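Peer 1: What follows is start23.txt, made up of compact mmCIF, C-alpha atoms and all ligand atoms:
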# COMPACT_ATOMS: atom_id res chain seq x y z
CA MET A 10 56.00 118.28 -34.43
CA LEU A 11 58.79 119.67 -32.28
CA VAL A 12 58.03 122.66 -30.05
CA ILE A 13 60.85 124.59 -28.41
CA SER A 14 59.74 127.22 -25.92
CA LEU A 15 62.01 129.95 -24.57
CA ASP A 16 60.46 131.37 -21.42
CA GLY A 17 59.92 135.13 -21.62
CA PHE A 18 61.78 135.62 -24.91
CA PRO A 19 60.69 138.93 -26.50
CA PHE A 20 60.13 138.95 -30.25
CA ALA A 21 61.85 142.34 -30.52
CA LEU A 22 65.01 140.95 -28.86
CA PHE A 23 64.92 137.89 -31.14
CA GLN A 24 64.90 140.15 -34.20
CA LYS A 25 67.63 142.38 -32.76
CA GLN A 26 69.84 139.39 -31.95
CA GLN A 27 69.29 137.88 -35.41
CA SER A 28 70.53 141.16 -36.93
CA ALA A 29 73.56 140.95 -34.61
CA GLY A 30 74.46 137.46 -35.89
CA ILE A 31 73.09 135.35 -33.02
CA TRP A 32 70.68 132.47 -33.92
CA LYS A 33 72.63 131.68 -37.11
CA GLN A 34 72.27 127.91 -36.76
CA ILE A 35 68.54 127.97 -36.00
CA GLY A 36 68.15 130.37 -38.92
CA ALA A 37 69.94 127.89 -41.20
CA ALA A 38 67.76 125.01 -39.97
CA MET A 39 64.57 126.96 -40.67
CA PRO A 40 65.38 129.00 -43.80
CA LYS A 41 61.76 129.61 -44.78
CA ALA A 42 60.41 130.24 -41.28
CA SER A 43 57.54 132.64 -40.56
CA SER A 44 57.74 134.64 -37.35
CA THR A 45 55.70 137.24 -35.54
CA ALA A 46 54.92 138.76 -32.13
CA MET A 47 52.20 137.25 -29.95
CA GLN A 48 50.17 138.50 -26.99
CA SER A 49 50.48 136.74 -23.64
CA VAL A 50 47.84 136.49 -20.89
CA ILE A 51 46.64 138.57 -17.96
CA PRO A 52 48.14 138.29 -15.37
CA THR A 53 51.36 138.02 -17.37
CA VAL A 54 53.24 135.30 -15.50
CA SER A 55 54.60 131.97 -16.71
CA SER A 56 52.28 129.74 -14.64
CA VAL A 57 49.19 131.39 -16.14
CA ALA A 58 50.66 131.69 -19.64
CA TRP A 59 51.69 128.02 -19.92
CA SER A 60 48.43 126.76 -18.37
CA THR A 61 46.63 128.84 -21.00
CA PHE A 62 48.93 127.53 -23.77
CA MET A 63 48.32 123.96 -22.62
CA SER A 64 44.54 124.23 -22.34
CA GLY A 65 43.44 126.85 -24.87
CA ARG A 66 41.35 128.25 -22.04
CA ASN A 67 41.38 131.22 -19.66
CA PRO A 68 42.16 130.88 -15.92
CA GLY A 69 38.42 130.60 -15.15
CA ASN A 70 38.70 127.14 -16.74
CA HIS A 71 42.22 125.98 -15.78
CA ARG A 72 42.21 127.60 -12.31
CA ILE A 73 45.81 128.94 -12.41
CA TYR A 74 45.65 132.70 -11.74
CA GLY A 75 49.25 133.40 -10.74
CA PHE A 76 52.58 132.15 -9.44
CA ILE A 77 50.98 132.35 -6.01
CA ASP A 78 47.26 131.86 -5.26
CA ARG A 79 45.05 132.06 -2.20
CA THR A 80 42.90 129.23 -0.92
CA LEU A 81 39.49 130.23 0.47
CA PRO A 82 38.11 130.61 3.00
CA ASP A 83 41.23 130.53 5.23
CA MET A 84 43.35 132.69 2.86
CA SER A 85 46.34 130.36 2.95
CA LEU A 86 48.81 130.91 0.14
CA THR A 87 49.84 128.17 -2.30
CA LEU A 88 52.14 127.83 -5.30
CA PRO A 89 49.81 126.18 -7.81
CA ASN A 90 51.30 123.23 -9.74
CA ALA A 91 50.01 120.56 -12.11
CA SER A 92 47.73 119.08 -9.46
CA SER A 93 45.99 122.47 -9.11
CA ARG A 94 45.38 122.72 -12.86
CA ARG A 95 41.91 121.74 -14.12
CA GLY A 96 40.39 120.88 -17.48
CA PRO A 97 41.97 119.48 -20.63
CA SER A 98 45.63 119.79 -21.55
CA LEU A 99 47.42 119.57 -24.87
CA GLN A 100 49.24 116.42 -23.80
CA ASN A 101 46.03 114.68 -22.70
CA THR A 102 44.08 115.66 -25.81
CA LEU A 103 46.91 114.42 -28.06
CA ASN A 104 47.13 111.16 -26.06
CA GLN A 105 43.37 110.67 -26.43
CA HIS A 106 43.97 110.68 -30.19
CA ASP A 107 46.78 108.09 -29.82
CA ILE A 108 49.52 110.66 -30.38
CA PRO A 109 52.51 109.98 -28.12
CA VAL A 110 53.97 113.03 -26.40
CA ILE A 111 57.37 113.87 -24.94
CA MET A 112 57.28 117.03 -22.82
CA MET A 113 60.19 118.41 -20.84
CA ASN A 114 60.25 121.23 -18.28
CA VAL A 115 57.06 123.06 -19.33
CA PRO A 116 55.85 125.12 -16.32
CA VAL A 117 52.87 123.73 -14.36
CA THR A 118 53.57 120.12 -15.35
CA TYR A 119 55.00 119.10 -11.95
CA PRO A 120 54.16 116.71 -10.34
CA PRO A 121 54.26 114.67 -13.56
CA GLU A 122 51.06 112.81 -14.44
CA PRO A 123 51.09 109.44 -16.24
CA ILE A 124 51.31 110.03 -19.97
CA ASN A 125 51.97 108.29 -23.27
CA SER A 126 55.03 108.63 -23.49
CA VAL A 127 57.29 110.90 -21.31
CA LEU A 128 56.60 113.92 -19.10
CA VAL A 129 59.45 115.70 -17.32
CA GLY A 130 57.99 118.23 -14.90
CA GLY A 131 58.96 121.88 -14.68
CA PHE A 132 60.37 124.39 -12.25
CA LEU A 133 58.32 123.76 -9.10
CA GLY A 134 59.82 120.28 -8.94
CA VAL A 135 62.78 120.04 -6.59
CA ASN A 136 63.88 116.42 -6.70
CA PRO A 137 65.23 115.02 -10.02
CA GLU A 138 64.34 111.54 -8.76
CA LYS A 139 60.63 112.42 -8.84
CA ILE A 140 60.59 114.85 -11.75
CA ALA A 141 59.45 112.52 -14.55
CA TYR A 142 56.97 109.93 -15.73
CA PRO A 143 57.79 107.08 -16.25
CA PRO A 144 60.02 106.79 -13.14
CA GLU A 145 62.87 105.23 -15.14
CA VAL A 146 63.27 108.64 -16.85
CA SER A 147 63.70 110.26 -13.42
CA ASN A 148 66.46 107.76 -12.71
CA TYR A 149 68.15 108.54 -16.02
CA LEU A 150 67.98 112.29 -15.39
CA ALA A 151 69.24 112.00 -11.80
CA GLN A 152 72.16 109.85 -12.93
CA ASN A 153 73.08 112.20 -15.76
CA GLY A 154 73.27 115.45 -13.81
CA TYR A 155 70.02 116.93 -15.11
CA VAL A 156 69.23 120.26 -13.41
CA ILE A 157 65.59 121.28 -12.94
CA ASP A 158 66.11 124.99 -12.34
CA ALA A 159 68.89 127.51 -11.80
CA ASP A 160 70.07 128.55 -8.36
CA THR A 161 69.43 132.29 -8.46
CA SER A 162 70.54 133.07 -4.90
CA GLU A 163 73.80 134.70 -6.05
CA ALA A 164 72.70 135.80 -9.52
CA ALA A 165 73.01 139.50 -8.78
CA ASP A 166 76.33 139.28 -6.87
CA LYS A 167 78.10 136.81 -9.17
CA PRO A 168 76.61 137.49 -12.62
CA PHE A 169 79.41 135.84 -14.64
CA GLU A 170 79.06 132.62 -12.66
CA PHE A 171 75.28 132.85 -13.00
CA VAL A 172 75.47 133.04 -16.81
CA ASP A 173 77.89 130.09 -16.82
CA GLN A 174 75.47 128.13 -14.65
CA LEU A 175 72.60 128.85 -17.07
CA THR A 176 74.77 127.79 -20.02
CA ASP A 177 75.60 124.51 -18.28
CA ILE A 178 71.92 123.82 -17.45
CA VAL A 179 70.89 124.42 -21.08
CA ARG A 180 73.53 121.93 -22.30
CA ARG A 181 72.38 119.28 -19.83
CA ARG A 182 68.71 119.83 -20.65
CA CYS A 183 69.24 119.60 -24.40
CA ASP A 184 71.37 116.44 -24.01
CA ALA A 185 68.67 114.79 -21.90
CA PHE A 186 65.96 115.85 -24.35
CA LYS A 187 67.86 114.36 -27.31
CA HIS A 188 68.20 111.11 -25.37
CA LEU A 189 64.41 111.03 -24.86
CA LEU A 190 63.75 111.76 -28.55
CA LYS A 191 65.90 108.75 -29.49
CA SER A 192 64.60 106.40 -26.81
CA TYR A 193 60.83 106.95 -26.58
CA PRO A 194 57.98 107.24 -29.10
CA TRP A 195 56.67 110.70 -29.95
CA GLN A 196 54.75 112.62 -32.55
CA TYR A 197 54.61 115.77 -30.41
CA ALA A 198 57.81 116.69 -28.54
CA HIS A 199 58.14 119.85 -26.47
CA LEU A 200 61.33 121.20 -24.88
CA HIS A 201 61.03 124.18 -22.54
CA ILE A 202 64.00 126.42 -21.73
CA MET A 203 63.38 128.32 -18.47
CA GLU A 204 66.89 129.79 -18.31
CA THR A 205 66.03 132.72 -20.59
CA ASP A 206 63.46 134.03 -18.08
CA ARG A 207 65.97 133.66 -15.24
CA LEU A 208 68.64 135.52 -17.23
CA PHE A 209 66.29 138.35 -18.18
CA HIS A 210 65.01 138.93 -14.62
CA PHE A 211 68.49 139.30 -13.15
CA LEU A 212 70.61 140.65 -16.02
CA TRP A 213 68.23 142.32 -18.48
CA LYS A 214 70.34 145.48 -18.78
CA SER A 215 73.36 143.48 -19.91
CA VAL A 216 71.22 141.47 -22.35
CA SER A 217 69.76 144.51 -24.03
CA GLU A 218 72.86 146.77 -23.90
CA PHE A 219 75.49 145.38 -26.23
CA GLU A 220 78.26 147.55 -24.65
CA SER A 221 77.92 146.12 -21.14
CA PRO A 222 81.01 144.23 -19.80
CA LEU A 223 78.83 141.17 -19.20
CA HIS A 224 77.45 141.24 -22.68
CA SER A 225 80.05 138.99 -24.35
CA ARG A 226 79.43 136.30 -21.72
CA ILE A 227 75.69 136.61 -22.31
CA ARG A 228 76.23 136.51 -26.06
CA HIS A 229 78.13 133.27 -25.51
CA PHE A 230 75.09 131.89 -23.61
CA PHE A 231 72.83 132.65 -26.58
CA GLU A 232 75.32 131.16 -29.07
CA ILE A 233 75.47 127.95 -27.03
CA LEU A 234 71.66 127.96 -26.80
CA ASP A 235 71.53 128.38 -30.60
CA SER A 236 73.91 125.49 -31.22
CA GLU A 237 72.27 123.21 -28.61
CA LEU A 238 68.82 123.84 -30.08
CA PHE A 239 70.25 123.31 -33.56
CA SER A 240 71.45 119.89 -32.50
CA VAL A 241 67.98 119.11 -31.09
CA ILE A 242 66.43 120.24 -34.40
CA ASN A 243 68.95 118.09 -36.30
CA SER A 244 67.70 115.00 -34.52
CA VAL A 245 64.22 115.34 -36.10
CA ASN A 246 63.23 114.99 -39.77
CA ASP A 247 63.38 117.92 -42.19
CA SER A 248 59.67 117.52 -42.88
CA ASP A 249 58.74 117.71 -39.17
CA GLU A 250 57.15 120.98 -38.17
CA ILE A 251 59.07 123.05 -35.64
CA ILE A 252 57.54 125.80 -33.54
CA LEU A 253 59.75 128.15 -31.56
CA LEU A 254 57.75 130.28 -29.14
CA SER A 255 57.73 132.23 -25.89
CA ASP A 256 55.02 132.96 -23.34
CA HIS A 257 55.58 136.67 -22.70
CA GLY A 258 58.05 139.44 -23.47
CA PHE A 259 60.49 141.31 -21.25
CA THR A 260 61.43 144.91 -20.59
CA GLU A 261 63.53 146.86 -18.11
CA SER A 262 62.00 147.17 -14.65
CA VAL A 263 62.09 150.89 -13.84
CA ILE A 264 60.14 151.06 -10.59
CA GLU A 265 58.40 148.76 -8.14
CA TRP A 266 54.90 149.89 -7.20
CA ASP A 267 53.26 148.07 -4.28
CA ILE A 268 49.47 147.77 -4.43
CA ASN A 269 49.13 146.49 -0.84
CA ALA A 270 51.16 149.48 0.39
CA TRP A 271 48.85 151.78 -1.59
CA LEU A 272 45.75 150.04 -0.18
CA ALA A 273 47.20 150.53 3.32
CA GLU A 274 48.02 154.19 2.70
CA THR A 275 44.51 154.87 1.40
CA GLY A 276 43.03 153.25 4.53
CA ARG A 277 41.77 150.10 2.85
CA LEU A 278 44.18 147.50 4.23
CA GLU A 279 45.56 146.94 7.69
CA TRP A 280 47.98 144.19 8.79
CA LEU A 281 47.63 142.63 12.22
CA SER A 282 50.85 141.95 14.09
CA GLY A 283 52.25 138.41 14.09
CA ASP A 284 55.31 136.42 13.14
CA ARG A 285 54.38 134.83 9.86
CA LYS A 286 53.65 137.02 6.85
CA GLY A 287 50.50 136.14 4.97
CA LEU A 288 46.91 137.03 4.21
CA HIS A 289 45.76 135.53 7.54
CA ARG A 290 47.13 138.75 9.11
CA ILE A 291 44.62 141.00 7.31
CA SER A 292 42.53 142.97 9.77
CA PRO A 293 38.78 142.20 9.47
CA ASP A 294 38.25 145.92 8.81
CA SER A 295 40.27 145.76 5.59
CA VAL A 296 38.45 146.50 2.34
CA ALA A 297 40.82 144.92 -0.18
CA TYR A 298 44.16 143.17 -0.64
CA SER A 299 46.36 142.21 -3.55
CA LEU A 300 48.50 139.39 -4.95
CA ILE A 301 51.20 139.82 -7.61
CA PRO A 302 51.03 141.00 -10.30
CA GLY A 303 48.16 143.48 -10.07
CA ARG A 304 45.45 141.12 -8.79
CA ILE A 305 43.10 142.91 -6.36
CA TYR A 306 40.54 141.11 -4.19
CA LEU A 307 37.82 142.66 -2.09
CA ASN A 308 37.69 141.46 1.50
CA LEU A 309 34.18 140.21 0.83
CA LYS A 310 31.77 139.12 3.53
CA GLY A 311 30.77 135.48 3.04
CA ARG A 312 33.79 134.73 0.83
CA GLU A 313 36.88 135.76 2.81
CA VAL A 314 37.10 134.49 6.37
CA THR A 315 37.86 138.08 7.46
CA GLY A 316 35.28 139.55 5.02
CA SER A 317 33.96 143.03 5.75
CA VAL A 318 32.64 144.37 2.41
CA GLU A 319 28.91 143.73 2.01
CA PRO A 320 28.25 142.03 -1.37
CA ASP A 321 25.82 144.80 -2.39
CA GLN A 322 28.64 147.34 -1.89
CA ALA A 323 31.19 145.44 -4.02
CA LEU A 324 30.58 147.29 -7.29
CA LYS A 325 30.86 150.69 -5.64
CA VAL A 326 34.09 149.70 -3.83
CA CYS A 327 35.51 148.49 -7.16
CA ALA A 328 34.48 151.71 -8.93
CA ASP A 329 36.24 153.80 -6.26
CA LEU A 330 39.38 151.67 -6.53
CA ILE A 331 39.44 151.95 -10.32
CA ARG A 332 38.98 155.73 -10.21
CA GLU A 333 41.68 156.32 -7.60
CA LEU A 334 44.21 153.88 -9.07
CA ALA A 335 43.71 155.40 -12.53
CA SER A 336 44.69 158.81 -11.13
CA GLU A 337 48.00 157.53 -9.66
CA ARG A 338 51.08 158.93 -11.37
CA LEU A 339 54.70 157.82 -11.73
CA PRO A 340 57.42 159.93 -10.02
CA ASP A 341 57.51 162.19 -13.14
CA GLY A 342 54.05 163.36 -12.05
CA ILE A 343 52.74 162.97 -15.61
CA ASN A 344 52.55 159.36 -16.70
CA PRO A 345 49.94 157.05 -15.15
CA VAL A 346 51.05 153.99 -13.17
CA PHE A 347 48.42 151.84 -14.87
CA THR A 348 47.30 151.55 -18.48
CA ASP A 349 44.03 149.97 -17.36
CA ILE A 350 42.21 148.49 -14.37
CA VAL A 351 39.72 145.82 -15.40
CA HIS A 352 37.02 143.82 -13.66
CA GLY A 353 37.98 140.16 -13.27
CA SER A 354 34.49 139.21 -14.47
CA ASN A 355 35.27 140.85 -17.84
CA ILE A 356 38.32 138.69 -18.58
CA PHE A 357 37.80 135.46 -16.63
CA SER A 358 34.95 132.99 -17.14
CA GLY A 359 34.37 129.34 -16.43
CA PRO A 360 33.78 126.95 -13.53
CA TYR A 361 36.68 128.42 -11.49
CA SER A 362 35.90 132.09 -12.06
CA GLY A 363 34.91 132.27 -8.36
CA ALA A 364 38.65 132.19 -7.58
CA ALA A 365 39.34 135.13 -9.91
CA PRO A 366 40.55 138.50 -8.64
CA ASP A 367 37.84 141.16 -8.49
CA LEU A 368 40.07 143.63 -10.32
CA VAL A 369 43.28 143.36 -12.32
CA ALA A 370 45.54 146.41 -12.61
CA ILE A 371 47.56 146.48 -15.83
CA PRO A 372 50.86 148.33 -15.26
CA ALA A 373 52.49 150.87 -17.57
CA LYS A 374 55.72 149.72 -19.24
CA GLY A 375 58.54 149.40 -16.70
CA VAL A 376 56.23 149.38 -13.65
CA GLU A 377 56.70 146.14 -11.71
CA LEU A 378 53.67 145.57 -9.53
CA LYS A 379 54.30 144.15 -6.07
CA SER A 380 51.99 143.03 -3.26
CA ARG A 381 54.06 142.67 -0.12
CA MET A 382 52.40 140.99 2.86
CA ASP A 383 53.51 143.69 5.26
CA THR A 384 53.86 147.43 5.65
CA GLY A 385 56.33 149.26 3.40
CA PRO A 386 56.68 152.02 0.81
CA ILE A 387 54.47 152.18 -2.27
CA LYS A 388 57.31 153.00 -4.66
CA ARG A 389 60.86 151.80 -4.60
CA ALA A 390 63.80 150.99 -6.85
CA PRO A 391 63.44 147.59 -8.51
CA ARG A 392 65.42 144.68 -7.12
CA MET A 393 65.32 142.85 -10.46
CA GLN A 394 66.51 144.33 -13.75
CA GLY A 395 63.85 142.86 -16.00
CA MET A 396 60.07 142.34 -15.90
CA HIS A 397 57.46 140.56 -18.03
CA THR A 398 55.48 142.26 -20.80
CA PHE A 399 52.12 141.26 -22.28
CA ASP A 400 52.65 142.26 -25.91
CA ASP A 401 55.95 140.93 -27.11
CA ALA A 402 55.94 137.13 -26.90
CA MET A 403 56.91 135.41 -30.13
CA VAL A 404 56.10 132.51 -32.45
CA VAL A 405 58.20 131.05 -35.26
CA PHE A 406 56.95 128.26 -37.57
CA ARG A 407 59.39 126.28 -39.73
CA HIS A 408 56.73 125.30 -42.30
CA GLY A 409 53.43 126.77 -41.06
CA ARG A 410 52.01 130.04 -42.32
CA PHE A 411 50.06 132.53 -40.25
CA VAL A 412 46.42 132.93 -41.17
CA SER A 413 45.82 135.66 -38.57
CA LYS A 414 47.74 138.77 -37.60
CA LYS A 415 46.41 138.98 -34.03
CA LEU A 416 48.09 136.14 -32.20
CA LYS A 417 47.52 135.21 -28.58
CA ILE A 418 49.08 132.40 -26.61
CA ILE A 419 45.58 131.00 -25.94
CA ASP A 420 45.42 130.24 -29.71
CA MET A 421 48.36 127.82 -29.64
CA TYR A 422 46.36 124.86 -28.26
CA SER A 423 43.82 124.85 -31.12
CA THR A 424 46.57 125.65 -33.63
CA ILE A 425 48.78 122.73 -32.58
CA LEU A 426 45.77 120.37 -32.47
CA SER A 427 44.77 121.47 -35.98
CA PHE A 428 48.19 120.36 -37.25
CA PHE A 429 47.22 116.84 -36.14
CA GLY A 430 43.72 117.15 -37.61
CA ILE A 431 42.11 117.46 -34.16
CA CYS A 432 39.45 120.01 -33.16
CA ASP A 433 38.45 120.76 -29.54
CA LYS A 434 35.24 122.71 -30.08
CA ASP A 435 35.19 123.97 -26.48
CA ALA A 436 38.61 125.64 -26.71
CA GLU A 437 38.58 129.44 -26.57
CA GLY A 438 41.47 130.16 -28.91
CA THR A 439 41.39 130.01 -32.70
CA VAL A 440 43.61 128.29 -35.27
CA ILE A 441 46.16 130.89 -36.35
CA ALA A 442 48.27 128.86 -38.81
CA SER A 443 47.96 126.59 -41.80
CA TRP A 444 50.42 124.05 -43.17
CA PRO A 445 51.36 123.47 -46.79
CA PHE A 446 51.09 119.71 -46.36
CA SER A 447 48.71 117.25 -44.70
CA SER A 448 48.79 116.68 -40.96
CA GLY A 449 51.17 114.26 -39.29
CA GLY A 450 54.01 114.02 -36.81
ZN ZN B 501 59.68 135.44 -15.11
Output the file's structure in the form of structure tokens.
Ligand SMILES: [Zn+2]
Peer 2:
Amino acid sequence: MLVISLDGFPFALFQKQQSAGIWKQIGAAMPKASSTAMQSVIPTVSSVAWSTFMSGRNPGNHRIYGFIDRTLPDMSLTLPNASSRRGPSLQNTLNQHDIPVIMMNVPVTYPPEPINSVLVGGFLGVNPEKIAYPPEVSNYLAQNGYVIDADTSEAADKPFEFVDQLTDIVRRRCDAFKHLLKSYPWQYAHLHIMETDRLFHFLWKSVSEFESPLHSRIRHFFEILDSELFSVINSVNDSDEIILLSDHGFTESVIEWDINAWLAETGRLEWLSGDRKGLHRISPDSVAYSLIPGRIYLNLKGREVTGSVEPDQALKVCADLIRELASERLPDGINPVFTDIVHGSNIFSGPYSGAAPDLVAIPAKGVELKSRMDTGPIKRAPRMQGMHTFDDAMVVFRHGRFVSKKLKIIDMYSTILSFFGICDKDAEGTVIASWPFSSGG
């Protein structure tokens, strides 16, 4: 089985681009493919989505709640990586059943753990010489100009150069992946393309508007991606299953809405002065604080080092927050900022649910939730053009057929295992596909 993941690729855009003649080669390689939209995870960020994909479990089990997380009780901030992740993973479960795996660039796989057969870590890795297991693969990648992630520092100012950079990275990644496919054993191979997410964050308007002056350069990027992926697909057998999927969708970012600024304005959060920004600067009188996107934590006595909210008051504080946040409106004065505000205990469960946010605010379309670690305005113009969406991830199977219409990324773990005849009875997702032939590589 070959899995190709395109970070943040919306199903709606995939269909629109197919109608516009992009993805011709992939279409020709998978003439009888089945495709559909898929739901992502809450919070809708790549670290959480891929940890959920990899484990078939919610963050209460794999312990990855966001791109950034807090460590208790001192409230230090960390960027969780593979060593923070807990519980089973797709690659480990397959290995336990003697199925060799090649995995390249999937988020939350850095630092790379020993594996049968190759693991190339993802975007939190910085040094190509330490990006892979076994180490000889790191050497190969370093010598062959492999690039872990795009340099986005000038993406907004030099968009043409940025698109060219992404195109170059995709070529190098696909070349390296084909080399691994030829050189190492595998029955499950997974190539992750992060460059789509990078492109959509910075240049979403030019991606979605075909008339934009940048559009032809961006179209070129997608055509190169199509032909590079086609050449990857060509290096596997016709009978091999291929899954093309994404972890969340994308839409235009219309406004930034800062939950910490709102908590400060409503008298619930106060920052102490100091040089370094961070949660350690929360005043002990604060009631709540937030981390992106939409995660709200009470400043709970006995849990947070600065805790002030008595545990028996927690439910009432949450109820007040939900009621007031639900009444917040966008600048049009009509539409709500949030579609829902949910209790963490309703969506997260497992041994690490103690690290879960107390509330999660789900934004309306186009509302990019922020949680700055300092004073500032609640609303402001977005600095990025695109933002993630929960509903519009995608899945394409070359041979498989969907047996369910409600797809979630948490289902992919059990679904992929079922292809190999493996069942993990503790997984939370369900098998959402069947194959017209018996299981195998
Ligand atoms: Zn993203």
Peer 1: How far is it from CA of Asp401 (chain A) to CA of Met47 (chain A), in Å with one decimal?
Peer 2: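 Result for CA of Asp401 (chain A) versus CA of Met47 (chain A): 6.0 Å, one decimal.
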Peer 1: Could you tell me how far CA of Glu145 (chain A) sits from CA of Ile111 (chain A), in Å to one decimal place?
Peer 2: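 According to the coordinates, CA of Ile111 (chain A) and CA of Glu145 (chain A) are separated by 14.2 Å.
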Peer 1: Within 8 Å of ligand ZN 501 (chain B), counting only C-alpha atoms and all ligand atoms: which residues, as a PyMOL selection string?
Peer 2: chain A and resi 16-17+54-55+206-207+209-210+396-397
Peer 1: Just give me the gap between CA of Trp195 (chain A) and CA of Met113 (chain A) in Å, one decimal is fine.
Peer 2: 12.4 Å
Peer 1: Residues of region 231-270 of chain A that approach region 24-43 of chain A to 12 Å or less, counting all atoms listed in the file: could you list each one with the shortest pair of atoms and its distance in Å to one decimal, rows by chain and increasing residue number, as a tab-separated table?
Peer 2:
residue	atom	partner	partner_atom	distance
A:Phe231	CA	A:Ile31	CA	7.0
A:Glu232	CA	A:Ile31	CA	6.2
A:Ile233	CA	A:Trp32	CA	9.5
A:Leu234	CA	A:Trp32	CA	8.5
A:Asp235	CA	A:Trp32	CA	5.3
A:Ser236	CA	A:Gln34	CA	6.3
A:Glu237	CA	A:Gln34	CA	9.4
A:Leu238	CA	A:Ile35	CA	7.2
A:Phe239	CA	A:Ile35	CA	5.5
A:Ser240	CA	A:Gln34	CA	9.1
A:Val241	CA	A:Ile35	CA	10.1
A:Ile242	CA	A:Ala38	CA	7.5
A:Asn243	CA	A:Ala38	CA	7.9
A:Ser244	CA	A:Ala38	CA	11.4
A:Val245	CA	A:Ala38	CA	11.0
A:Asn246	CA	A:Ala38	CA	11.0
A:Asp247	CA	A:Ala38	CA	8.6
A:Ser248	CA	A:Met39	CA	10.9
A:Asp249	CA	A:Met39	CA	11.0
A:Glu250	CA	A:Met39	CA	9.9
A:Ile251	CA	A:Met39	CA	8.4
A:Ile252	CA	A:Ala42	CA	9.4
A:Leu253	CA	A:Ile35	CA	9.8
A:Leu254	CA	A:Ser43	CA	11.7
Peer 1: With a distance cut-off of 10 Å and all atoms listed in the file, select the neighbouring residues of region 274-282 of chain A, excluding the residue or stretch itself and same-chain residues fewer than 5 positions from it, and output the selection as a PyMOL selection string.
Peer 2: chain A and resi 268-269+287-299+307-308+330+333+382-387
Peer 1: Per residue of region 138-231 of chain A within 12 Å of region 425-431 of chain A, what are the shortest atom pair and its distance in Å to one decimal, counting all atoms listed in the file, with rows by chain and residue number, as JSON lines?
Peer 2:
{"residue": "A:Gln196", "atom": "CA", "partner": "A:Phe429", "partner_atom": "CA", "distance": 9.3}
{"residue": "A:Tyr197", "atom": "CA", "partner": "A:Ile425", "partner_atom": "CA", "distance": 9.3}
{"residue": "A:Ala198", "atom": "CA", "partner": "A:Ile425", "partner_atom": "CA", "distance": 11.6}
{"residue": "A:His199", "atom": "CA", "partner": "A:Ile425", "partner_atom": "CA", "distance": 11.5}
Peer 1: Each residue of region 118-203 of chain A lying at most 12 Å from region 79-89 of chain A should get a row with its shortest atom-to-atom pair and the distance in Å to one decimal, counting only C-alpha atoms; could you produce that, ordered by chain and increasing number, as a tab-separated table?
Peer 2:
residue	atom	partner	partner_atom	distance
A:Thr118	CA	A:Pro89	CA	10.4
A:Tyr119	CA	A:Pro89	CA	9.7
A:Pro120	CA	A:Pro89	CA	10.7
A:Phe132	CA	A:Leu88	CA	11.3
A:Leu133	CA	A:Leu88	CA	8.3
A:Gly134	CA	A:Leu88	CA	11.4
Peer 1: Save out the residues we just selected, C-alpha atoms, as a PDB file, in the frame of the given file.
Peer 2:
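Output below, filename selection_20.pdb:
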ATOM      1  CA  THR A 118      53.570 120.120 -15.350  1.00  0.00           C
ATOM      2  CA  TYR A 119      55.000 119.100 -11.950  1.00  0.00           C
ATOM      3  CA  PRO A 120      54.160 116.710 -10.340  1.00  0.00           C
ATOM      4  CA  PHE A 132      60.370 124.390 -12.250  1.00  0.00           C
ATOM      5  CA  LEU A 133      58.320 123.760  -9.100  1.00  0.00           C
ATOM      6  CA  GLY A 134      59.820 120.280  -8.940  1.00  0.00           C
TER       7      GLY A 134
END
Peer 1: Using all atoms listed in the file, pick whichever of A:Glu319, A:Thr205, A:Ala159, A:Asp78 has the shortest atom-to-atom distance to His257 (chain A).
Peer 2: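 The shortest atom-to-atom distance to His257 (chain A) comes from A:Thr205.
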